[in-house]
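Peer 1: What follows is model_32.pdb, made up of PDB, C-alpha atoms:
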ATOM      1  CA  MET H  25       0.000   0.000   0.000
ATOM      2  CA  PHE H  26       0.992   3.591  -0.447
ATOM      3  CA  GLY H  27       0.261   5.138   2.939
ATOM      4  CA  LEU H  28      -3.490   5.052   2.526
ATOM      5  CA  SER H  29      -4.280   5.085   6.231
ATOM      6  CA  TRP H  30      -5.868   8.544   5.873
ATOM      7  CA  VAL H  31      -8.786   7.186   3.820
ATOM      8  CA  GLY H  32     -12.029   8.237   5.400
ATOM      9  CA  SER H  33     -13.408  11.527   6.569
ATOM     10  CA  SER H  34     -10.042  13.141   7.375
ATOM     11  CA  PRO H  35      -8.395  15.348   4.778
ATOM     12  CA  ALA H  36      -5.627  13.946   2.603
ATOM     13  CA  PRO H  37      -2.154  14.259   4.117
ATOM     14  CA  ALA H  38       0.497  16.394   2.506
ATOM     15  CA  LEU H  39       3.085  14.440   0.575
ATOM     16  CA  PRO H  40       6.730  15.013   1.554
ATOM     17  CA  LEU H  41       8.087  17.980  -0.346
ATOM     18  CA  ALA H  42      11.815  18.014   0.176
ATOM     19  CA  ALA H  43      13.046  15.137   2.288
ATOM     20  CA  ASP H  44      12.121  11.828   3.837
ATOM     21  CA  THR H  45      13.770   9.821   6.598
ATOM     22  CA  LEU H  46      15.584   6.598   5.811
ATOM     23  CA  GLN H  47      17.310   4.056   8.038
ATOM     24  CA  HIS H  48      20.997   3.897   7.195
ATOM     25  CA  GLY H  49      22.192   0.293   7.266
ATOM     26  CA  ASN H  50      22.226  -1.600  10.597
ATOM     27  CA  SER H  51      23.742   1.300  12.528
ATOM     28  CA  GLY H  52      20.367   2.675  13.522
ATOM     29  CA  HIS H  53      21.241   6.154  12.205
ATOM     30  CA  THR H  54      18.467   8.039  10.471
ATOM     31  CA  VAL H  55      19.383  10.162   7.475
ATOM     32  CA  MET H  56      17.441  12.636   5.397
ATOM     33  CA  ALA H  57      17.192  11.764   1.699
ATOM     34  CA  PRO H  58      15.748  14.045  -0.974
ATOM     35  CA  VAL H  59      12.319  13.124  -2.293
ATOM     36  CA  HIS H  60      11.226  14.334  -5.714
ATOM     37  CA  ASP H  61       7.827  16.024  -5.592
ATOM     38  CA  PRO H  62       6.490  15.240  -9.077
ATOM     39  CA  SER H  63       4.572  17.839 -11.046
ATOM     40  CA  TYR H  64       1.385  15.813 -10.588
ATOM     41  CA  ALA H  65       1.638  15.604  -6.755
ATOM     42  CA  LYS H  66      -1.057  18.242  -6.159
ATOM     43  CA  TRP H  67      -3.435  16.411  -8.497
ATOM     44  CA  SER H  68      -2.551  13.047  -6.975
ATOM     45  CA  ARG H  69      -3.539  14.313  -3.519
ATOM     46  CA  LEU H  70      -6.832  15.610  -4.919
ATOM     47  CA  ALA H  71      -7.549  12.291  -6.672
ATOM     48  CA  PHE H  72      -6.782  10.349  -3.444
ATOM     49  CA  HIS H  73      -9.025  12.643  -1.428
ATOM     50  CA  GLU H  74     -11.992  12.470  -3.805
ATOM     51  CA  ALA H  75     -11.792   8.718  -4.495
ATOM     52  CA  GLY H  76     -11.272   8.040  -0.779
ATOM     53  CA  LYS H  77     -14.656   9.640  -0.014
ATOM     54  CA  VAL H  78     -16.425   6.863  -1.912
ATOM     55  CA  TYR H  79     -14.104   3.847  -2.062
ATOM     56  CA  THR H  80     -11.550   1.980   0.020
ATOM     57  CA  LEU H  81      -8.275   2.628  -1.810
ATOM     58  CA  LEU H  82      -5.943  -0.334  -2.230
ATOM     59  CA  ASP H  83      -3.367   0.803  -4.792
ATOM     60  CA  TYR H  84      -2.841   3.445  -7.469
ATOM     61  CA  ARG H  85      -0.745   4.397 -10.452
ATOM     62  CA  TYR H  86      -0.275   7.678 -12.252
ATOM     63  CA  ILE H  87      -1.405   7.297 -15.877
ATOM     64  CA  GLY H  88      -0.367  10.664 -17.251
ATOM     65  CA  LYS H  89      -1.098  14.201 -18.310
ATOM     66  CA  SER H  90      -2.707  15.308 -21.560
ATOM     67  CA  ASN H  91      -3.982  18.479 -23.185
ATOM     68  CA  VAL H  92      -7.613  17.759 -24.019
ATOM     69  CA  ALA H  93      -8.561  21.196 -25.408
ATOM     70  CA  PRO H  94      -7.080  24.686 -25.520
ATOM     71  CA  GLY H  95      -6.787  25.787 -21.887
ATOM     72  CA  VAL H  96      -7.779  22.369 -20.506
ATOM     73  CA  VAL H  97      -5.284  19.850 -19.097
ATOM     74  CA  GLN H  98      -6.184  16.401 -17.775
ATOM     75  CA  GLN H  99      -4.327  14.359 -15.151
ATOM     76  CA  GLN H 100      -5.337  10.685 -14.893
ATOM     77  CA  PHE H 101      -4.835   8.083 -12.177
ATOM     78  CA  ARG H 102      -5.804   4.432 -11.961
ATOM     79  CA  PHE H 103      -6.806   3.224  -8.519
ATOM     80  CA  TRP H 104      -7.507  -0.314  -7.404
ATOM     81  CA  VAL H 105     -10.468   0.138  -5.080
ATOM     82  CA  LYS H 106     -12.932  -1.835  -3.008
ATOM     83  CA  LYS H 107     -16.610  -1.113  -2.399
ATOM     84  CA  ASN H 108     -19.217  -3.443  -0.897
ATOM     85  CA  GLY H 109     -16.653  -6.262  -0.828
ATOM     86  CA  VAL H 110     -15.870  -6.013  -4.557
ATOM     87  CA  GLU H 111     -12.459  -4.934  -5.865
ATOM     88  CA  PHE H 112     -12.114  -3.205  -9.245
ATOM     89  CA  PRO H 113     -10.041  -0.642 -11.171
ATOM     90  CA  LEU H 114     -11.178   2.982 -11.085
ATOM     91  CA  ILE H 115      -9.968   5.767 -13.362
ATOM     92  CA  VAL H 116      -9.921   9.258 -11.844
ATOM     93  CA  SER H 117      -9.603  12.090 -14.382
ATOM     94  CA  ILE H 118      -9.053  15.666 -13.237
ATOM     95  CA  ARG H 119      -9.503  18.456 -15.806
ATOM     96  CA  TYR H 120      -8.280  21.942 -14.994
ATOM     97  CA  ASP H 121      -6.990  25.245 -16.369
ATOM     98  CA  PRO H 122      -3.176  24.971 -16.566
ATOM     99  CA  VAL H 123      -2.690  28.700 -15.858
ATOM    100  CA  THR H 124      -5.044  29.258 -12.909
ATOM    101  CA  GLU H 125      -5.208  25.565 -11.842
ATOM    102  CA  LYS H 126      -8.981  25.982 -11.443
ATOM    103  CA  VAL H 127     -10.561  22.512 -11.490
ATOM    104  CA  PHE H 128     -13.258  22.049 -14.114
ATOM    105  CA  THR H 129     -14.225  18.408 -13.480
ATOM    106  CA  ILE H 130     -13.255  15.355 -11.472
ATOM    107  CA  LEU H 131     -14.559  12.209 -13.139
ATOM    108  CA  MET H 132     -14.410   8.778 -11.496
ATOM    109  CA  GLU H 133     -15.359   5.799 -13.620
ATOM    110  CA  GLN H 134     -14.978   2.075 -13.168
ATOM    111  CA  GLU H 135     -12.648   0.605 -15.769
ATOM    112  CA  ASN H 136     -14.148  -2.431 -17.461
ATOM    113  CA  ARG H 137     -12.037  -5.531 -16.924
ATOM    114  CA  GLY H 138     -12.274  -6.371 -20.616
ATOM    115  CA  THR H 139     -10.595  -3.088 -21.549
ATOM    116  CA  LEU H 140      -7.858  -2.988 -18.899
ATOM    117  CA  ARG H 141      -4.669  -1.444 -20.184
ATOM    118  CA  ILE H 142      -1.378  -2.877 -18.985
ATOM    119  CA  LEU H 143       0.734  -0.085 -17.517
TER
END
Could you render the structure as structure tokens?
Peer 2:
Amino acid sequence: MFGLSWVGSSPAPALPLAADTLQHGNSGHTVMAPVHDPSYAKWSRLAFHEAGKVYTLLDYRYIGKSNVAPGVVQQQFRFWVKKNGVEFPLIVSIRYDPVTEKVFTILMEQENRGTLRIL
């Protein structure tokens, strides 16, 4: 799992921006290591938050970014979710203005098993 313990009514946690702690060998020393905050991190947090309101989140993968129209960018994520005891893939698509970052739509749709894409 990817730290999904926040799923529920609490807000999504902030992802690490600059550093994360790592154990260094068997010495017990903790060191700070840089963590890359990808360009889609903000949108990933939003997708986790919105999908987590409806589903139990089990896993996820970033699909990608695309320009769908002039002034409209889409970020897509595939989640593996569970609802009412049934597990299935869910695609979350977030469309927004790339300049103002105003969100236009957040679409969540179950991906049909017959059309699953291998990532």
Peer 1: Could you tell me which residues the PyMOL selection byres ((chain H and resi 123) around 12) returns for this structure, as JSON, numbers by chain?
Peer 2: {"H": [94, 95, 96, 97, 120, 121, 122, 124, 125, 126, 127]}
Peer 1: Report, in Å with one decimal, the straight-line distance from CA of Lys89 (chain H) to CA of Val110 (chain H).
Peer 2: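 CA of Val110 (chain H) lies at a distance of 28.6 Å from CA of Lys89 (chain H).
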Peer 1: Determine the residue set returned by the PyMOL selection byres ((chain H and resi 135) around 6) for the present structure, and present it as a PyMOL selection string.
Peer 2: chain H and resi 113-114+134+136
Peer 1: Once you have the residues from the selection above, write them out as a JSON list (two decimals), keeping the file's coordinate frame, restricted to C-alpha atoms.
Peer 2:
[["chain", "number", "residue", "atom", "x", "y", "z"],
["H", 113, "PRO", "CA", -10.04, -0.64, -11.17],
["H", 114, "LEU", "CA", -11.18, 2.98, -11.08],
["H", 134, "GLN", "CA", -14.98, 2.08, -13.17],
["H", 136, "ASN", "CA", -14.15, -2.43, -17.46]]
Peer 1: List, as a list in words, every residue that the PyMOL selection byres ((chain H and resi 86) around 8) selects in the file provided.
Peer 2: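 So the PyMOL selection byres ((chain H and resi 86) around 8), applied here, picks out Ser68, Tyr84, Arg85, Ile87, Gly88, Gln100, Phe101 and Arg102 of chain H.
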Peer 1: For a test of reading the model, state the distance in Å between CA of Ile130 (chain H) and CA of Tyr64 (chain H), rounded to one decimal.
Peer 2: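 Distance between the two atoms: 14.7 Å.
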Peer 1: Nearest to Lys66 (chain H): which of H:Leu81, H:Ile118, H:Val105, H:Ala93 is it, counting all atoms listed in the file?
Peer 2: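 Among the listed residues, H:Ile118 lies closest to Lys66 (chain H).
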Peer 1: Go through H:Leu131, H:Ala71, H:Leu82, H:Ala65 and flag the residue nearest Lys106 (chain H), using all atoms listed in the file for the distances.
Peer 2: H:Leu82
Peer 1: Compare H:Ala75, H:Asn108, H:Arg69, H:Gln98 by their minimum atom-to-atom distance to Thr129 (chain H), counting all atoms listed in the file, and give me the closest one.
Peer 2: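 Of all the options, H:Gln98 lies closest to Thr129 (chain H).
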Peer 1: Rounded to one decimal place, report the CA of Leu70 (chain H)-CA of Gln99 (chain H) distance in Å.
Peer 2: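 CA of Gln99 (chain H) lies at a distance of 10.6 Å from CA of Leu70 (chain H).
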Peer 1: Would you please work out which residue, of H:Asn91, H:Tyr79, H:Phe128, H:Glu133, is nearest to Gly109 (chain H) when using only C-alpha atoms?
Peer 2: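 When distances to Gly109 (chain H) are compared using only C-alpha atoms, the smallest one comes from H:Tyr79.
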